[in-house]
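Chemist: I am sharing final_21.tsv, which consists of TSV, C-alpha atoms:
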```
chain	number	residue	atom	x	y	z
A	1	MET	CA	152.70	83.11	92.17
A	2	LYS	CA	149.69	82.00	90.12
A	3	THR	CA	148.34	80.06	93.13
A	4	THR	CA	148.63	83.13	95.37
A	5	VAL	CA	146.80	85.32	92.86
A	6	PHE	CA	144.09	82.65	92.46
A	7	LEU	CA	143.60	82.34	96.24
A	8	LEU	CA	143.50	86.13	96.56
A	9	ILE	CA	140.77	86.37	93.88
A	10	VAL	CA	138.75	83.56	95.49
A	11	GLY	CA	139.03	85.30	98.88
A	12	ILE	CA	137.83	88.60	97.43
A	13	LEU	CA	134.88	86.84	95.77
A	14	PHE	CA	133.87	85.24	99.09
A	15	LEU	CA	133.96	88.64	100.77
A	16	ALA	CA	131.98	90.31	97.98
A	17	VAL	CA	129.33	87.62	97.51
A	18	GLY	CA	129.12	86.26	101.05
A	19	LEU	CA	129.47	82.83	102.44
A	20	PRO	CA	127.03	80.04	101.60
A	21	GLY	CA	123.93	80.09	103.83
A	22	ASP	CA	123.65	83.89	104.05
A	23	VAL	CA	125.03	84.35	107.58
A	24	SER	CA	124.36	87.54	109.55
A	25	ALA	CA	126.91	89.54	111.54
A	26	LYS	CA	125.98	87.65	114.73
A	27	GLY	CA	126.92	84.38	113.06
A	28	GLN	CA	123.29	83.25	112.80
A	29	GLU	CA	121.80	82.13	109.52
A	30	LYS	CA	119.32	84.68	108.13
A	31	LYS	CA	115.77	83.38	107.82
A	32	ILE	CA	112.41	84.38	106.37
A	33	VAL	CA	109.05	83.71	108.03
A	34	PHE	CA	106.32	82.86	105.53
A	35	LEU	CA	102.73	83.38	106.66
A	36	ASN	CA	100.08	81.80	104.44
A	37	LEU	CA	97.07	84.04	105.03
A	38	THR	CA	93.52	84.26	103.79
A	39	MET	CA	91.80	87.65	103.64
A	40	GLU	CA	88.03	87.63	104.01
A	41	ASP	CA	85.91	90.73	104.58
A	42	ASP	CA	89.04	92.64	105.66
A	43	GLY	CA	89.82	89.94	108.24
A	44	PHE	CA	92.79	87.58	108.12
A	45	THR	CA	93.22	83.89	108.94
A	46	LEU	CA	96.59	82.21	109.36
A	47	GLU	CA	96.55	78.98	107.33
A	48	LYS	CA	100.18	77.92	107.69
A	49	ILE	CA	103.51	79.24	108.91
A	50	TYR	CA	106.95	78.11	107.86
A	51	ILE	CA	110.53	79.35	108.12
A	52	ARG	CA	113.20	79.07	105.43
A	53	PRO	CA	116.80	80.25	105.11
A	54	GLY	CA	117.33	83.50	103.22
A	55	SER	CA	116.90	87.25	103.44
A	56	LEU	CA	114.19	89.56	102.16
A	57	LYS	CA	114.76	91.95	99.31
A	58	GLU	CA	114.71	95.57	100.40
A	59	LYS	CA	111.79	96.27	98.04
A	60	SER	CA	109.54	93.78	99.84
A	61	LEU	CA	110.15	95.55	103.16
A	62	LYS	CA	109.08	98.94	101.80
A	63	ASN	CA	106.47	98.41	99.06
A	64	ARG	CA	106.18	102.16	98.69
A	65	GLY	CA	102.71	103.47	98.04
A	66	SER	CA	100.98	100.41	99.48
A	67	GLN	CA	97.80	100.90	101.49
A	68	PHE	CA	98.55	97.78	103.56
A	69	THR	CA	101.19	97.71	106.29
A	70	TYR	CA	102.23	95.39	109.09
A	71	VAL	CA	103.89	95.76	112.46
A	72	MET	CA	105.88	92.91	114.03
A	73	LEU	CA	105.62	92.69	117.82
A	74	SER	CA	107.49	90.67	120.45
A	75	ARG	CA	105.97	88.64	123.28
A	76	ASP	CA	106.27	91.77	125.46
A	77	GLY	CA	104.54	93.96	122.87
A	78	ASP	CA	107.77	95.67	121.79
A	79	LEU	CA	108.09	96.78	118.18
A	80	ILE	CA	110.42	94.46	116.24
A	81	GLY	CA	109.87	95.79	112.74
A	82	GLU	CA	107.36	97.03	110.22
A	83	GLY	CA	106.78	96.91	106.51
A	84	ALA	CA	104.20	97.00	103.76
A	85	PHE	CA	102.56	94.58	101.38
A	86	LYS	CA	100.50	94.82	98.24
A	87	ASP	CA	96.71	94.69	98.33
A	88	PRO	CA	95.96	90.94	98.51
A	89	ARG	CA	92.56	91.46	96.85
A	90	VAL	CA	94.10	92.61	93.59
A	91	ASN	CA	94.33	89.74	91.15
A	92	ALA	CA	97.85	89.30	89.80
A	93	ARG	CA	96.49	89.27	86.25
A	94	ARG	CA	95.40	92.55	84.82
A	95	LEU	CA	92.69	92.68	82.21
A	96	GLU	CA	93.16	94.78	79.09
A	97	TYR	CA	90.38	95.83	76.76
A	98	GLU	CA	89.70	98.23	73.95
A	99	ASP	CA	87.90	101.34	75.15
A	100	PRO	CA	84.47	101.33	73.43
A	101	HIS	CA	84.35	105.15	73.55
A	102	VAL	CA	87.85	105.66	72.11
A	103	PRO	CA	88.54	103.19	69.29
A	104	GLY	CA	92.11	101.90	69.32
A	105	ALA	CA	92.73	102.94	72.95
A	106	ILE	CA	93.68	100.07	75.24
A	107	ARG	CA	92.59	100.28	78.89
A	108	LYS	CA	93.50	98.04	81.81
A	109	ILE	CA	91.82	97.10	85.08
A	110	HIS	CA	92.80	95.01	88.10
A	111	VAL	CA	90.24	92.49	89.31
A	112	LEU	CA	89.33	92.49	93.02
A	113	GLU	CA	88.33	89.22	94.66
A	114	GLU	CA	86.23	88.85	97.81
A	115	THR	CA	88.52	86.20	99.29
A	116	ARG	CA	92.22	86.11	98.58
A	117	ARG	CA	94.97	83.77	99.76
A	118	PHE	CA	98.43	85.26	99.86
A	119	VAL	CA	101.83	84.86	101.46
A	120	LEU	CA	103.29	87.53	103.73
A	121	ARG	CA	107.07	87.33	104.02
A	122	LEU	CA	108.69	88.67	107.19
A	123	PRO	CA	112.28	88.86	108.39
A	124	TYR	CA	112.83	86.20	111.07
A	125	HIS	CA	113.12	87.35	114.67
A	126	GLU	CA	113.19	84.82	117.49
A	127	ASP	CA	110.91	86.98	119.69
A	128	LEU	CA	108.19	87.40	117.04
A	129	ALA	CA	104.81	86.75	118.67
A	130	ARG	CA	102.26	88.88	116.82
A	131	VAL	CA	101.77	90.68	113.52
A	132	ASP	CA	99.24	93.51	113.36
A	133	LEU	CA	97.91	94.39	109.92
A	134	PHE	CA	96.71	97.86	108.91
A	135	LYS	CA	95.06	99.58	105.99
A	136	THR	CA	95.87	103.19	105.23
A	137	PRO	CA	93.15	105.32	103.62
A	138	THR	CA	94.08	106.50	100.13
A	139	GLY	CA	96.13	109.69	100.28
A	140	SER	CA	97.19	109.20	103.93
A	141	LYS	CA	100.64	108.37	105.24
A	142	ALA	CA	101.11	105.56	107.74
A	143	ARG	CA	103.72	105.76	110.45
A	144	VAL	CA	104.30	104.58	114.00
A	145	GLN	CA	104.92	107.03	116.81
A	146	ASP	CA	105.44	105.68	120.32
A	147	GLU	CA	103.30	102.62	119.52
A	148	GLU	CA	100.40	104.85	118.41
A	149	THR	CA	99.26	104.54	114.85
A	150	VAL	CA	98.63	107.65	112.80
A	151	ASP	CA	96.35	107.66	109.74
A	152	ARG	CA	95.75	103.92	109.51
A	153	VAL	CA	93.11	101.43	110.59
A	154	LYS	CA	93.90	98.07	112.18
A	155	ILE	CA	92.30	95.33	110.08
A	156	GLY	CA	93.78	92.23	111.68
A	157	SER	CA	96.08	90.69	114.21
A	158	ILE	CA	97.85	87.37	113.75
A	159	GLN	CA	99.24	85.51	116.76
A	160	ILE	CA	102.52	83.82	115.83
A	161	ASN	CA	103.93	80.69	117.44
A	162	LEU	CA	107.28	80.01	115.79
A	163	GLU	CA	107.22	76.52	117.32
A	164	ASP	CA	104.36	75.68	114.89
A	165	ALA	CA	106.52	76.57	111.89
A	166	LYS	CA	107.38	73.67	109.57
```
Output the file's structure as C-alpha cells, nothing else.
Modeler:
Amino acid sequence: MKTTVFLLIVGILFLAVGLPGDVSAKGQEKKIVFLNLTMEDDGFTLEKIYIRPGSLKEKSLKNRGSQFTYVMLSRDGDLIGEGAFKDPRVNARRLEYEDPHVPGAIRKIHVLEETRRFVLRLPYHEDLARVDLFKTPTGSKARVQDEETVDRVKIGSIQINLEDAK
C-alpha cells in the first residue's frame, strides 16, 4: 500500500513539474536561440549565435512598455513570432545622487552608452532565417498587421543561419 501511494505521488510530481529536458507536446526538446549582438548607431551586428535547451520565461517574450521589438521570419518570409526587448543602450547599473536643489532627495538616472553588446533570446524554430528589429517612438504602440508595421521604425535585420550555431 505504501509503495502504491509513493508511486502515485511520484507520478503526480512528474506530471506537475514535467519531465527532465523540458519536452514540448510534439516530443521535441524545447530550445532557446541566443544571439550575441552589438548595437552601434542604431545598427546591429551579429557576433555569435548559439542554441541551448530550455524555454523562455513569458516575461521575456512580452517586455511590456519596451520601445524595442523584434519579428522572427522564416526562409519564406512568413511570420514565426514576435517579442520585445529592453533598450540595449541603457546601462544595467543605475546611478543615484542627491539632488543639489532639494537637499535629502535622492534621484536616479540610467546611463546610455554609444555601443552596447547584449544577448537577445528567442524561442527556437527550425525555420528561423531572419530577425527584424524595430524601435517604437515613445507613446506609440507597435503591432503587426498583415506583415505591415504600424507605428514603428525598422532599425536592423539579422540574417540567421542555425547551422552556424554552436
Chemist: How far is it from CA of Leu133 in chain A to CA of Arg75 in chain A, in Å with one decimal?
Modeler: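 Taking CA of Leu133 in chain A as the start and CA of Arg75 in chain A as the end point, the length is 16.6 Å.
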Chemist: Figure out the distance between CA of Gly83 in chain A and CA of Arg52 in chain A, please, to one decimal in Å.
Modeler: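 The value is 19.0 Å.
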Chemist: So what do you get for CA of Leu46 in chain A versus CA of Arg130 in chain A, distance-wise?
Modeler: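 We find that CA of Leu46 in chain A and CA of Arg130 in chain A lie 11.5 Å from each other.
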Chemist: Taking all atoms listed in the file into account, name the residue in A:Lys31, A:Arg117, A:Lys108, A:Arg89 that is nearest to Tyr50 in chain A.
Modeler: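 Comparing A:Lys31, A:Arg117, A:Lys108, A:Arg89 against Tyr50 in chain A, the winner is A:Lys31.
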Chemist: Restricting the calculation to all atoms listed in the file, which member of A:Arg152, A:Lys135, A:His125, A:Arg116 is positioned closest to Ile51 in chain A?
Modeler: A:His125
Chemist: What lies within 12 Å of Asp164 in chain A using only C-alpha atoms, ignoring chain neighbours under 3 positions off, as a list in words?
Modeler: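 With the cut-off at 12 Å, the set is Val33, Phe34, Leu35, Leu46, Glu47, Lys48, Ile49, Tyr50, Ile51, Ala129, Gln159, Ile160 and Asn161 of chain A.
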Chemist: Which residue, A:Ile158, A:Leu122, A:His110, A:Ala165, has the smallest gap to Pro88 in chain A when you use all atoms listed in the file?
Modeler: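 Among the listed residues, A:His110 lies closest to Pro88 in chain A.
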Chemist: When distances are computed from all atoms listed in the file, which of A:Ala84, A:Leu37, A:Val102, A:Leu128 shows the smallest separation from Gln67 in chain A?
Modeler: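 Closest candidate: A:Ala84.
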